[in-house]
There are 2 protein chains.
Amino acid sequence: MGVNRQKWREEYSRWFDWVIEEAEIYDYGRYPVKGMGVWRPYGFQIRRRVLEVLRELLDNSGHEEILLPLLIPEDLLRRESEHVKGFEAEVYWVTRGGDEELDVKLALRPTSETNLSYMESFWIKSYRDLPKKFYQIVSIFRYETKATRPMIRLREVTTFKEAHTVHDSFEDADRQVGEAIDVYKKFFDYLGIPYVISRRPEWDKFAGALYTVAFDTIMPDGKTLQIGTAHHLGQNFTIPFEIRFQLPDETLDYAWQTSYGVSDRVIATLISIHGDDRGTILPPNIAPIQVVIIPLPAKTEEENRRVKNYVSLVTETLEKLGVRFRVDDREEVRPGRKFYEWELRGVPIRIEIGLREVHDKTITLARRDTLEKITIPFDKLGEYLPSLFKQVEENLRERAWRWMKSNIRRAADIEDAKKIVEEEKGIVEVPWCGVVECGIKIEEEIGAKMLGTPIDDVKLGEDTKCIRCSKKAVTIARLARQY
Amino acid sequence: MGVNRQKWREEYSRWFDWVIEEAEIYDYGRYPVKGMGVWRPYGFQIRRRVLEVLRELLDNSGHEEILLPLLIPEDLLRRESEHVKGFEAEVYWVTRGGDEELDVKLALRPTSETNLSYMESFWIKSYRDLPKKFYQIVSIFRYETKATRPMIRLREVTTFKEAHTVHDSFEDADRQVGEAIDVYKKFFDYLGIPYVISRRPEWDKFAGALYTVAFDTIMPDGKTLQIGTAHHLGQNFTIPFEIRFQLPDETLDYAWQTSYGVSDRVIATLISIHGDDRGTILPPNIAPIQVVIIPLPAKTEEENRRVKNYVSLVTETLEKLGVRFRVDDREEVRPGRKFYEWELRGVPIRIEIGLREVHDKTITLARRDTLEKITIPFDKLGEYLPSLFKQVEENLRERAWRWMKSNIRRAADIEDAKKIVEEEKGIVEVPWCGVVECGIKIEEEIGAKMLGTPIDDVKLGEDTKCIRCSKKAVTIARLARQY
């Protein structure tokens with residue numbers, strides 16, 4: 001009984017809609033506003049645990065959580081001109097309160113650089129206050145004109161973690177982008193999500209940034225998804241918002257900033273990357289329910305009572321271990337149906353308890369990731385389960401990384417790159433001269449978007465040529481069809 | 001050195017504005033939209049801990065957390081007519097997306113009965129699904145026409161915990177209101193916040209409810225503040241939203257609902273109720289920083305090093321105890337200034353460490369609630385500190401209850417009641433015939449709002465008469481000047 005991942009890959013889009021609805025994770029499409037969905041209890045618990053991991057990483061690296069208002073007055077949003085150009089087509093505007101027309105239109109935050117910078121101009125006085133690292137986890141709003149997708153392209157992004165930092169020099173902000181990358185690496189590694197890190201090309205950076213670094217992953221259908229970004233904002237916001245600080249020599253200077261964010265897309269990726277035709281597979285470290293116990297019905301009441309007593313012994317052990325578990329003892333539902341439901345929801349370990357287990361004093365564990373069954377003596381459970389959790393996490397992580405890497409390919413020429421993008425999907429890497437005009441042409445000719453270039457030094461042979469203009473290549477460009 | 005609570009009471013409003021700004025809890029008034037403020041890092045940590053307590057109480061009583069979209073289409077908001085009448089003057093409307101006028105106006109949620117009921121009509125099928133208890137913690141928006149006050153009367157209420165439940169009978173919903181009251185009692189008791197529980201009069205119940213029960217507290221200036229409400233919604237929403245369920249006999253019926261909420265006001269109360277002229281006083285069970293350690297500067301480097309080593313021994317002990325502490329070793333700030341800052345912020349215990357403590361192997365603890373100093377041997381710290389935390393919590397709780405109770409008075413007649421309300425403030429209790437028209441007159445003549453009547457049976461003498469019409473009184477009415 002092997003793991004079947006055909007539907008998961010070939011019909012990924014339908015697979016995802018089916019999983020989030022059928023597993024009661026996220027109700028999308030029934031909510032009467034396009035591009036907005038509801039986190040249902042099981043989905044909310046996944047989201048809560050993902051956010052706990054993120055908060056811990058941020059808190060432990062000196063970030064302070066805050067909460068800014070949702071509404072941004074129009075003049076604030078317009079103060080940095082590049083920024084507003086990037087967002088204005090997508091801003092929702094509040095224009096009325098009760099029966100009154102508002103004097104000043106209020107934007108639903110598309111992101112919070114502007115209103116936070118405004119507040120920072122009061123808070124930051126001296127080099128002693130710096131660096132300052134804030135974050136908040138909030139809803140953001142984008143009046144998307146592209147086709148919306150649940151959790152992936154929303155009009156209300158309900159889980160936007162945006163970090164904003166302030167520094168006393170360009171270099172320190174540069175260093176901070178590196179710290180952001182480290183935090184996100186740890187975050188994605190914890191979730192077992194593979195990624196490539198690219199410096200976005202000039203024509204695709206964040207509106208108002210000097211440069212943007214992004215994390216992308218490859219979804220089961222071969223399209224890439226941007227799952228995190230970090231921006232060096234230079235002094236682009238600190239000048240119009242007048243965030244000045246006093247240096248040790250008592251002169252004043254404008255501060256430097258960065259911002260970086262992740263969203264609901266991380267949860268969409270978590271659910272999607274670890275999947276198969278039966279549903280999602282959650283790593284034990286993040287699963288709201290790590291173990292589901294299913295008592296198998298026996299023939300007599302006496303036998304059922306013996307099964308029930310044995311279940312109690314097992315739950316006592318799980319409680320001592322601090323395992324998050326559920327006993328599914330619904331009488332009106334058959335075991336087969338229960339297996340289906342919990343597999344769909346991605347509970348990593350299932351324990352079936354029948355008369356045989358009671359008799360043999362054993363535990364039968366079914367792994368969701370490999371669909372293997374393992375039988376161990378009851379008294380080994382406390383020792384075995386934590387190591388099994390680790391094994392499952394590592395298997396999921398390695399499998400996902402292996403799969404992603406097998407979908408990154410080098411192309412020999414434009415035709416080859418085009419073919420890869422069309423037939424094999426995933427990411428194609430090509431040597432590039434680094435000139436913007438040439439990059440844009442490469443995108444057009446291959447029919448894919450440029451994710452950008454590696455952030456680490458790329459070693460190219462002396463005579464490596466740009467795939468398009470044949471001048472000397474200075475770097476590698478990654479291209480893909482993107483979500 | 002006694003506790004001075006004069007400013008705290010007589011200039012409460014200014015006191016509160018001063019504390020939340022100076023202690024960097026909540027930045028209000030500088031944000032460029034009226035009625036909206038910013039949770040700063042220290043305030044956010046208070047808020048986070050308050051929400052942790054609330055979440056635990058709700059999760060442990062079978063409530064499931066969800067997250068609904070912020071935006072509600074106009075027709076949904078208008079579907080229950082009493083409800084919309086209660087809110088429509090205060091609704092913010094999104095009318096534009098980018099450059100386009102929206103086809104359907106979208107309300108910023110003032111509360112979520114309507115859009116949740118809409119979703120429940122898909123989710124609830126059978127009596128087996130009931131009762132169902134949901135909650136979410138979100139921002140809500142009210143275009144307030146009354147004067148706004150930080151955390152107390154806002155246009156964006158950033159910390160609205162709204163619970164919504166569905167039941168198979170009137171009685172079960174009634175029972176649920178009782179459960180809500182129990183949950184809130186535990187919540188307020190944990191925070192040491194005293195309360196009176198009243199059934200709101202007919203003319204002041206929630207828009208769309210059969211009846212409303214409310215928790216009120218008395219703020220330091222003698223005005224009452226509503227800090228929690230619970231509503232029996234009957235079938236008022238389930239009929240227009242068609243939430244029907246199948247009974248065991250396979251017939252269909254409309255379900256019954258309740259809703260109950262608390263908000264930022266709980267945090268405003270926590271900060272206010274436990275206060276004195278030096279600032280706020282946080283109970284140790286909720287304080288983000290339970291202990292601040294202040295090393296006192298000595299004369300020589302060698303002496304400073306000895307102090308520093310001793311501080312390390314203390315922090316080791318605190319870490320073992322799992323205490324949330326901070327060492328304030330800023331060199332550029334004098335101890336007196338540090339005392340001021342941490343007292344203002346309400347850190348419940350201060351440990352000062354100087355040469356004397358090093359020499360005597362003692363610990364000097366300053367209690368924020370009583371301003372007492374206690375010196376104990378170092379090796380008693382691990383044993384003493386947890387019990388000291390409990391003492392402080394109990395002292396704060398008892399002091400707050402005592403103060404509130406001393407501000408609830410019985411009036412002999414209307415004149416007396418009026419005088420109490422004007423001069424002594426707080427709550428005045430009067431016997432009442434229970435007739436609506438008479439109640440409204442009592443409000444007018446006393447010059448106060450009716451909080452309502454006790455939810456428990458009131459025992460009145462046979463010949464107790466209504467304070468206004470002199471007919472037989474059936475209950476006690478509580479009146480006060482309200483926020």
# chains A, B, ... in the order shown; residues from 1 in each chain; ligands from 1
>>> interface_residues(of="chain B", to="chain A", cutoff="9 Å", atoms="only C-alpha atoms", output="MDAnalysis selection string")
chainID B and resid 27 30:33 36:45 64:73 76 87:100 106 108 115 118:119 122 134 139 142:144 156 158
>>> residues_around(residues="Lys441 (chain A)", least_positions_apart="6", cutoff="10 Å", atoms="only C-alpha atoms", output="list in words")
Gly447, Arg468 and Cys469 of chain A
>>> write_last_selection(atoms="C-alpha atoms", output="short mmCIF file (atom, residue, chain, number, x, y, z; two decimals), in the first residue's frame")
data_model
loop_
_atom_site.label_atom_id
_atom_site.label_comp_id
_atom_site.auth_asym_id
_atom_site.auth_seq_id
_atom_site.Cartn_x
_atom_site.Cartn_y
_atom_site.Cartn_z
CA GLY A 447 7.08 32.71 -21.04
CA ARG A 468 19.84 35.50 -24.61
CA CYS A 469 22.40 38.12 -25.62
#
>>> closest_residue(among="B:Val430, B:Arg345, B:Thr148, B:Asn304", to="Glu331 (chain B)", atoms="only C-alpha atoms")
B:Asn304
>>> closest_residue(among="A:Gly208, A:Gly192, A:Gly222, A:Gly261", to="Ala163 (chain A)", atoms="only C-alpha atoms")
A:Gly261
>>> select_by_dssp(residues="region 363-442 of chain A", states="alpha helix (DSSP H)", output="ChimeraX atom specification")
/A:381-405,414-419,436-442
>>> write_last_selection(atoms="N, CA and C atoms", output="mmCIF file, in the first residue's frame")
data_model
loop_
_atom_site.group_PDB
_atom_site.id
_atom_site.type_symbol
_atom_site.label_atom_id
_atom_site.label_comp_id
_atom_site.auth_asym_id
_atom_site.auth_seq_id
_atom_site.Cartn_x
_atom_site.Cartn_y
_atom_site.Cartn_z
ATOM 1 N N LEU A 381 5.861 2.355 24.284
ATOM 2 C CA LEU A 381 5.206 3.495 23.631
ATOM 3 C C LEU A 381 5.844 4.838 24.003
ATOM 4 N N GLY A 382 6.066 5.028 25.313
ATOM 5 C CA GLY A 382 6.588 6.301 25.800
ATOM 6 C C GLY A 382 7.947 6.639 25.215
ATOM 7 N N GLU A 383 8.701 5.591 24.945
ATOM 8 C CA GLU A 383 10.039 5.781 24.412
ATOM 9 C C GLU A 383 9.984 5.943 22.893
ATOM 10 N N TYR A 384 9.090 5.165 22.266
ATOM 11 C CA TYR A 384 9.084 5.101 20.805
ATOM 12 C C TYR A 384 8.431 6.314 20.156
ATOM 13 N N LEU A 385 7.329 6.796 20.751
ATOM 14 C CA LEU A 385 6.519 7.810 20.072
ATOM 15 C C LEU A 385 7.283 9.104 19.760
ATOM 16 N N PRO A 386 8.013 9.672 20.753
ATOM 17 C CA PRO A 386 8.751 10.902 20.425
ATOM 18 C C PRO A 386 9.740 10.695 19.276
ATOM 19 N N SER A 387 10.380 9.533 19.234
ATOM 20 C CA SER A 387 11.337 9.325 18.138
ATOM 21 C C SER A 387 10.597 9.113 16.824
ATOM 22 N N LEU A 388 9.407 8.527 16.898
ATOM 23 C CA LEU A 388 8.604 8.367 15.677
ATOM 24 C C LEU A 388 8.185 9.744 15.146
ATOM 25 N N PHE A 389 7.808 10.643 16.052
ATOM 26 C CA PHE A 389 7.465 12.006 15.618
ATOM 27 C C PHE A 389 8.620 12.622 14.832
ATOM 28 N N LYS A 390 9.802 12.500 15.387
ATOM 29 C CA LYS A 390 10.992 13.063 14.714
ATOM 30 C C LYS A 390 11.189 12.431 13.340
ATOM 31 N N GLN A 391 11.036 11.098 13.290
ATOM 32 C CA GLN A 391 11.200 10.406 12.007
ATOM 33 C C GLN A 391 10.223 10.920 10.963
ATOM 34 N N VAL A 392 8.971 11.104 11.398
ATOM 35 C CA VAL A 392 7.946 11.571 10.452
ATOM 36 C C VAL A 392 8.294 12.979 9.978
ATOM 37 N N GLU A 393 8.678 13.848 10.936
ATOM 38 C CA GLU A 393 9.049 15.212 10.553
ATOM 39 C C GLU A 393 10.194 15.205 9.552
ATOM 40 N N GLU A 394 11.212 14.373 9.836
ATOM 41 C CA GLU A 394 12.366 14.363 8.937
ATOM 42 C C GLU A 394 12.021 13.782 7.582
ATOM 43 N N ASN A 395 11.204 12.752 7.586
ATOM 44 C CA ASN A 395 10.798 12.173 6.309
ATOM 45 C C ASN A 395 10.037 13.184 5.464
ATOM 46 N N LEU A 396 9.109 13.907 6.101
ATOM 47 C CA LEU A 396 8.324 14.896 5.358
ATOM 48 C C LEU A 396 9.227 15.999 4.813
ATOM 49 N N ARG A 397 10.123 16.469 5.676
ATOM 50 C CA ARG A 397 11.035 17.549 5.272
ATOM 51 C C ARG A 397 11.915 17.098 4.101
ATOM 52 N N GLU A 398 12.508 15.922 4.248
ATOM 53 C CA GLU A 398 13.428 15.433 3.204
ATOM 54 C C GLU A 398 12.699 15.162 1.899
ATOM 55 N N ARG A 399 11.532 14.571 2.012
ATOM 56 C CA ARG A 399 10.753 14.256 0.813
ATOM 57 C C ARG A 399 10.397 15.549 0.071
ATOM 58 N N ALA A 400 10.005 16.561 0.838
ATOM 59 C CA ALA A 400 9.612 17.828 0.212
ATOM 60 C C ALA A 400 10.811 18.506 -0.445
ATOM 61 N N TRP A 401 11.943 18.488 0.243
ATOM 62 C CA TRP A 401 13.150 19.091 -0.338
ATOM 63 C C TRP A 401 13.587 18.342 -1.602
ATOM 64 N N ARG A 402 13.548 17.006 -1.519
ATOM 65 C CA ARG A 402 13.962 16.192 -2.668
ATOM 66 C C ARG A 402 13.081 16.502 -3.856
ATOM 67 N N TRP A 403 11.796 16.565 -3.596
ATOM 68 C CA TRP A 403 10.832 16.823 -4.673
ATOM 69 C C TRP A 403 11.082 18.204 -5.283
ATOM 70 N N MET A 404 11.282 19.205 -4.411
ATOM 71 C CA MET A 404 11.497 20.548 -4.945
ATOM 72 C C MET A 404 12.778 20.613 -5.774
ATOM 73 N N LYS A 405 13.853 20.034 -5.220
ATOM 74 C CA LYS A 405 15.131 20.100 -5.948
ATOM 75 C C LYS A 405 15.051 19.400 -7.302
ATOM 76 N N ILE A 414 17.353 29.167 -24.812
ATOM 77 C CA ILE A 414 16.005 29.716 -24.611
ATOM 78 C C ILE A 414 14.929 28.670 -24.930
ATOM 79 N N GLU A 415 15.125 27.960 -26.026
ATOM 80 C CA GLU A 415 14.136 26.950 -26.438
ATOM 81 C C GLU A 415 13.976 25.870 -25.374
ATOM 82 N N ASP A 416 15.115 25.420 -24.893
ATOM 83 C CA ASP A 416 15.136 24.400 -23.856
ATOM 84 C C ASP A 416 14.420 24.915 -22.593
ATOM 85 N N ALA A 417 14.724 26.174 -22.220
ATOM 86 C CA ALA A 417 14.108 26.766 -21.020
ATOM 87 C C ALA A 417 12.595 26.835 -21.191
ATOM 88 N N LYS A 418 12.163 27.231 -22.362
ATOM 89 C CA LYS A 418 10.744 27.348 -22.663
ATOM 90 C C LYS A 418 10.058 25.985 -22.534
ATOM 91 N N LYS A 419 10.719 24.986 -23.054
ATOM 92 C CA LYS A 419 10.200 23.627 -23.010
ATOM 93 C C LYS A 419 10.091 23.115 -21.567
ATOM 94 N N VAL A 436 18.869 44.737 -17.199
ATOM 95 C CA VAL A 436 17.417 44.720 -17.023
ATOM 96 C C VAL A 436 16.679 44.414 -18.320
ATOM 97 N N GLU A 437 17.012 45.141 -19.381
ATOM 98 C CA GLU A 437 16.283 44.977 -20.648
ATOM 99 C C GLU A 437 16.371 43.529 -21.134
ATOM 100 N N CYS A 438 17.554 42.956 -20.992
ATOM 101 C CA CYS A 438 17.770 41.579 -21.426
ATOM 102 C C CYS A 438 16.936 40.628 -20.554
ATOM 103 N N GLY A 439 16.869 40.917 -19.251
ATOM 104 C CA GLY A 439 16.083 40.088 -18.317
ATOM 105 C C GLY A 439 14.615 40.074 -18.687
ATOM 106 N N ILE A 440 14.105 41.241 -19.034
ATOM 107 C CA ILE A 440 12.680 41.343 -19.385
ATOM 108 C C ILE A 440 12.398 40.556 -20.665
ATOM 109 N N LYS A 441 13.336 40.628 -21.590
ATOM 110 C CA LYS A 441 13.198 39.844 -22.832
ATOM 111 C C LYS A 441 13.229 38.343 -22.540
ATOM 112 N N ILE A 442 14.109 37.961 -21.639
ATOM 113 C CA ILE A 442 14.187 36.527 -21.276
ATOM 114 C C ILE A 442 12.828 36.059 -20.745
#
>>> closest_residue(among="B:Ile353, B:Lys223, B:Lys459, B:Lys308", to="Glu422 (chain B)", atoms="only C-alpha atoms")
B:Lys223
>>> residues_around(residues="Tyr340 (chain A)", least_positions_apart="4", cutoff="12 Å", atoms="only C-alpha atoms", output="ChimeraX atom specification")
/A:19,22-23,277-280,294,333-336,344-347,350,368
>>> atom_distance(atom1="CA of Ala209 (chain A)", atom2="CA of Glu82 (chain A)")
8.8 Å
>>> residues_around(residues="region 229-244 of chain A", least_positions_apart="4", cutoff="8 Å", atoms="only C-alpha atoms", output="ChimeraX atom specification")
/A:79-80,113-114,117-118,120-122,124-125,170,173-174,177,180-181,206,208-215,252-262
>>> residues_around(residues="Ile218 (chain B)", least_positions_apart="3", cutoff="10 Å", atoms="only C-alpha atoms", output="number ranges by chain")
B: 193-196, 221-226, 269, 273, 400-401, 403-405, 407-408, 425-427, 480-483
>>> write_last_selection(atoms="N, CA and C atoms", output="short mmCIF file (atom, residue, chain, number, x, y, z; two decimals), in the first residue's frame")
data_model
loop_
_atom_site.label_atom_id
_atom_site.label_comp_id
_atom_site.auth_asym_id
_atom_site.auth_seq_id
_atom_site.Cartn_x
_atom_site.Cartn_y
_atom_site.Cartn_z
N ILE B 193 -10.55 41.94 39.07
CA ILE B 193 -11.48 43.03 38.72
C ILE B 193 -12.84 42.74 39.36
N PRO B 194 -13.35 43.64 40.21
CA PRO B 194 -14.66 43.43 40.81
C PRO B 194 -15.77 43.82 39.83
N TYR B 195 -16.96 43.28 40.06
CA TYR B 195 -18.05 43.50 39.10
C TYR B 195 -19.39 43.35 39.79
N VAL B 196 -20.40 43.96 39.19
CA VAL B 196 -21.79 43.61 39.50
C VAL B 196 -22.39 43.07 38.21
N ASP B 221 -13.11 57.04 39.19
CA ASP B 221 -13.83 58.31 39.34
C ASP B 221 -15.30 58.11 39.72
N GLY B 222 -15.71 56.86 39.94
CA GLY B 222 -17.07 56.60 40.39
C GLY B 222 -18.06 56.32 39.27
N LYS B 223 -17.63 56.51 38.02
CA LYS B 223 -18.52 56.16 36.92
C LYS B 223 -18.42 54.66 36.65
N THR B 224 -19.52 54.06 36.18
CA THR B 224 -19.44 52.63 35.89
C THR B 224 -19.04 52.41 34.45
N LEU B 225 -18.46 51.24 34.23
CA LEU B 225 -18.04 50.85 32.88
C LEU B 225 -18.55 49.43 32.61
N GLN B 226 -19.22 49.28 31.50
CA GLN B 226 -19.66 47.94 31.07
C GLN B 226 -18.45 47.19 30.57
N THR B 269 -9.66 48.54 32.40
CA THR B 269 -10.07 48.36 33.80
C THR B 269 -8.94 47.79 34.63
N ILE B 273 -8.13 49.95 37.78
CA ILE B 273 -8.66 49.52 39.08
C ILE B 273 -7.54 49.33 40.08
N ALA B 400 -9.71 46.01 45.62
CA ALA B 400 -10.58 46.48 44.54
C ALA B 400 -12.05 46.15 44.86
N TRP B 401 -12.29 44.96 45.37
CA TRP B 401 -13.66 44.58 45.73
C TRP B 401 -14.20 45.46 46.85
N TRP B 403 -13.27 48.45 47.67
CA TRP B 403 -13.49 49.81 47.16
C TRP B 403 -14.80 49.86 46.37
N MET B 404 -14.99 48.87 45.49
CA MET B 404 -16.21 48.88 44.69
C MET B 404 -17.45 48.78 45.57
N LYS B 405 -17.41 47.82 46.50
CA LYS B 405 -18.59 47.62 47.35
C LYS B 405 -18.92 48.87 48.16
N ASN B 407 -18.80 51.66 47.21
CA ASN B 407 -19.39 52.64 46.30
C ASN B 407 -20.73 52.17 45.73
N ILE B 408 -21.33 51.20 46.39
CA ILE B 408 -22.70 50.78 46.04
C ILE B 408 -23.57 51.14 47.23
N LYS B 425 -21.11 59.47 43.82
CA LYS B 425 -20.88 58.67 42.60
C LYS B 425 -21.14 57.18 42.86
N GLY B 426 -20.55 56.32 42.03
CA GLY B 426 -20.76 54.89 42.20
C GLY B 426 -22.16 54.47 41.79
N ILE B 427 -22.60 53.35 42.35
CA ILE B 427 -23.90 52.78 41.99
C ILE B 427 -24.90 53.05 43.10
N ALA B 480 -26.45 54.35 37.73
CA ALA B 480 -25.13 54.97 37.84
C ALA B 480 -24.89 55.88 36.66
N ARG B 481 -23.94 56.76 36.82
CA ARG B 481 -23.44 57.49 35.64
C ARG B 481 -22.43 56.56 34.96
N GLN B 482 -22.66 56.35 33.68
CA GLN B 482 -21.89 55.33 32.97
C GLN B 482 -20.90 55.94 31.99
N TYR B 483 -19.84 55.21 31.74
CA TYR B 483 -18.99 55.55 30.59
C TYR B 483 -19.72 55.18 29.33
#
>>> residues_around(residues="Ala147 (chain B)", least_positions_apart="4", cutoff="10 Å", atoms="only C-alpha atoms", output="list in words")
Lys34, Gly35, Arg153 and Leu154 of chain B
>>> select_by_dssp(residues="region 174-241 of chain B", states="strand (DSSP E)", output="list in words")
Val196, Ile197, Ser198, Arg199, Tyr211, Thr212, Val213, Ala214, Phe215, Asp216, Thr217, Ile218, Thr224, Leu225, Gln226, Ile227, Gly228, Thr229, Ala230, His231, His232, Leu233 and Gly234 of chain B
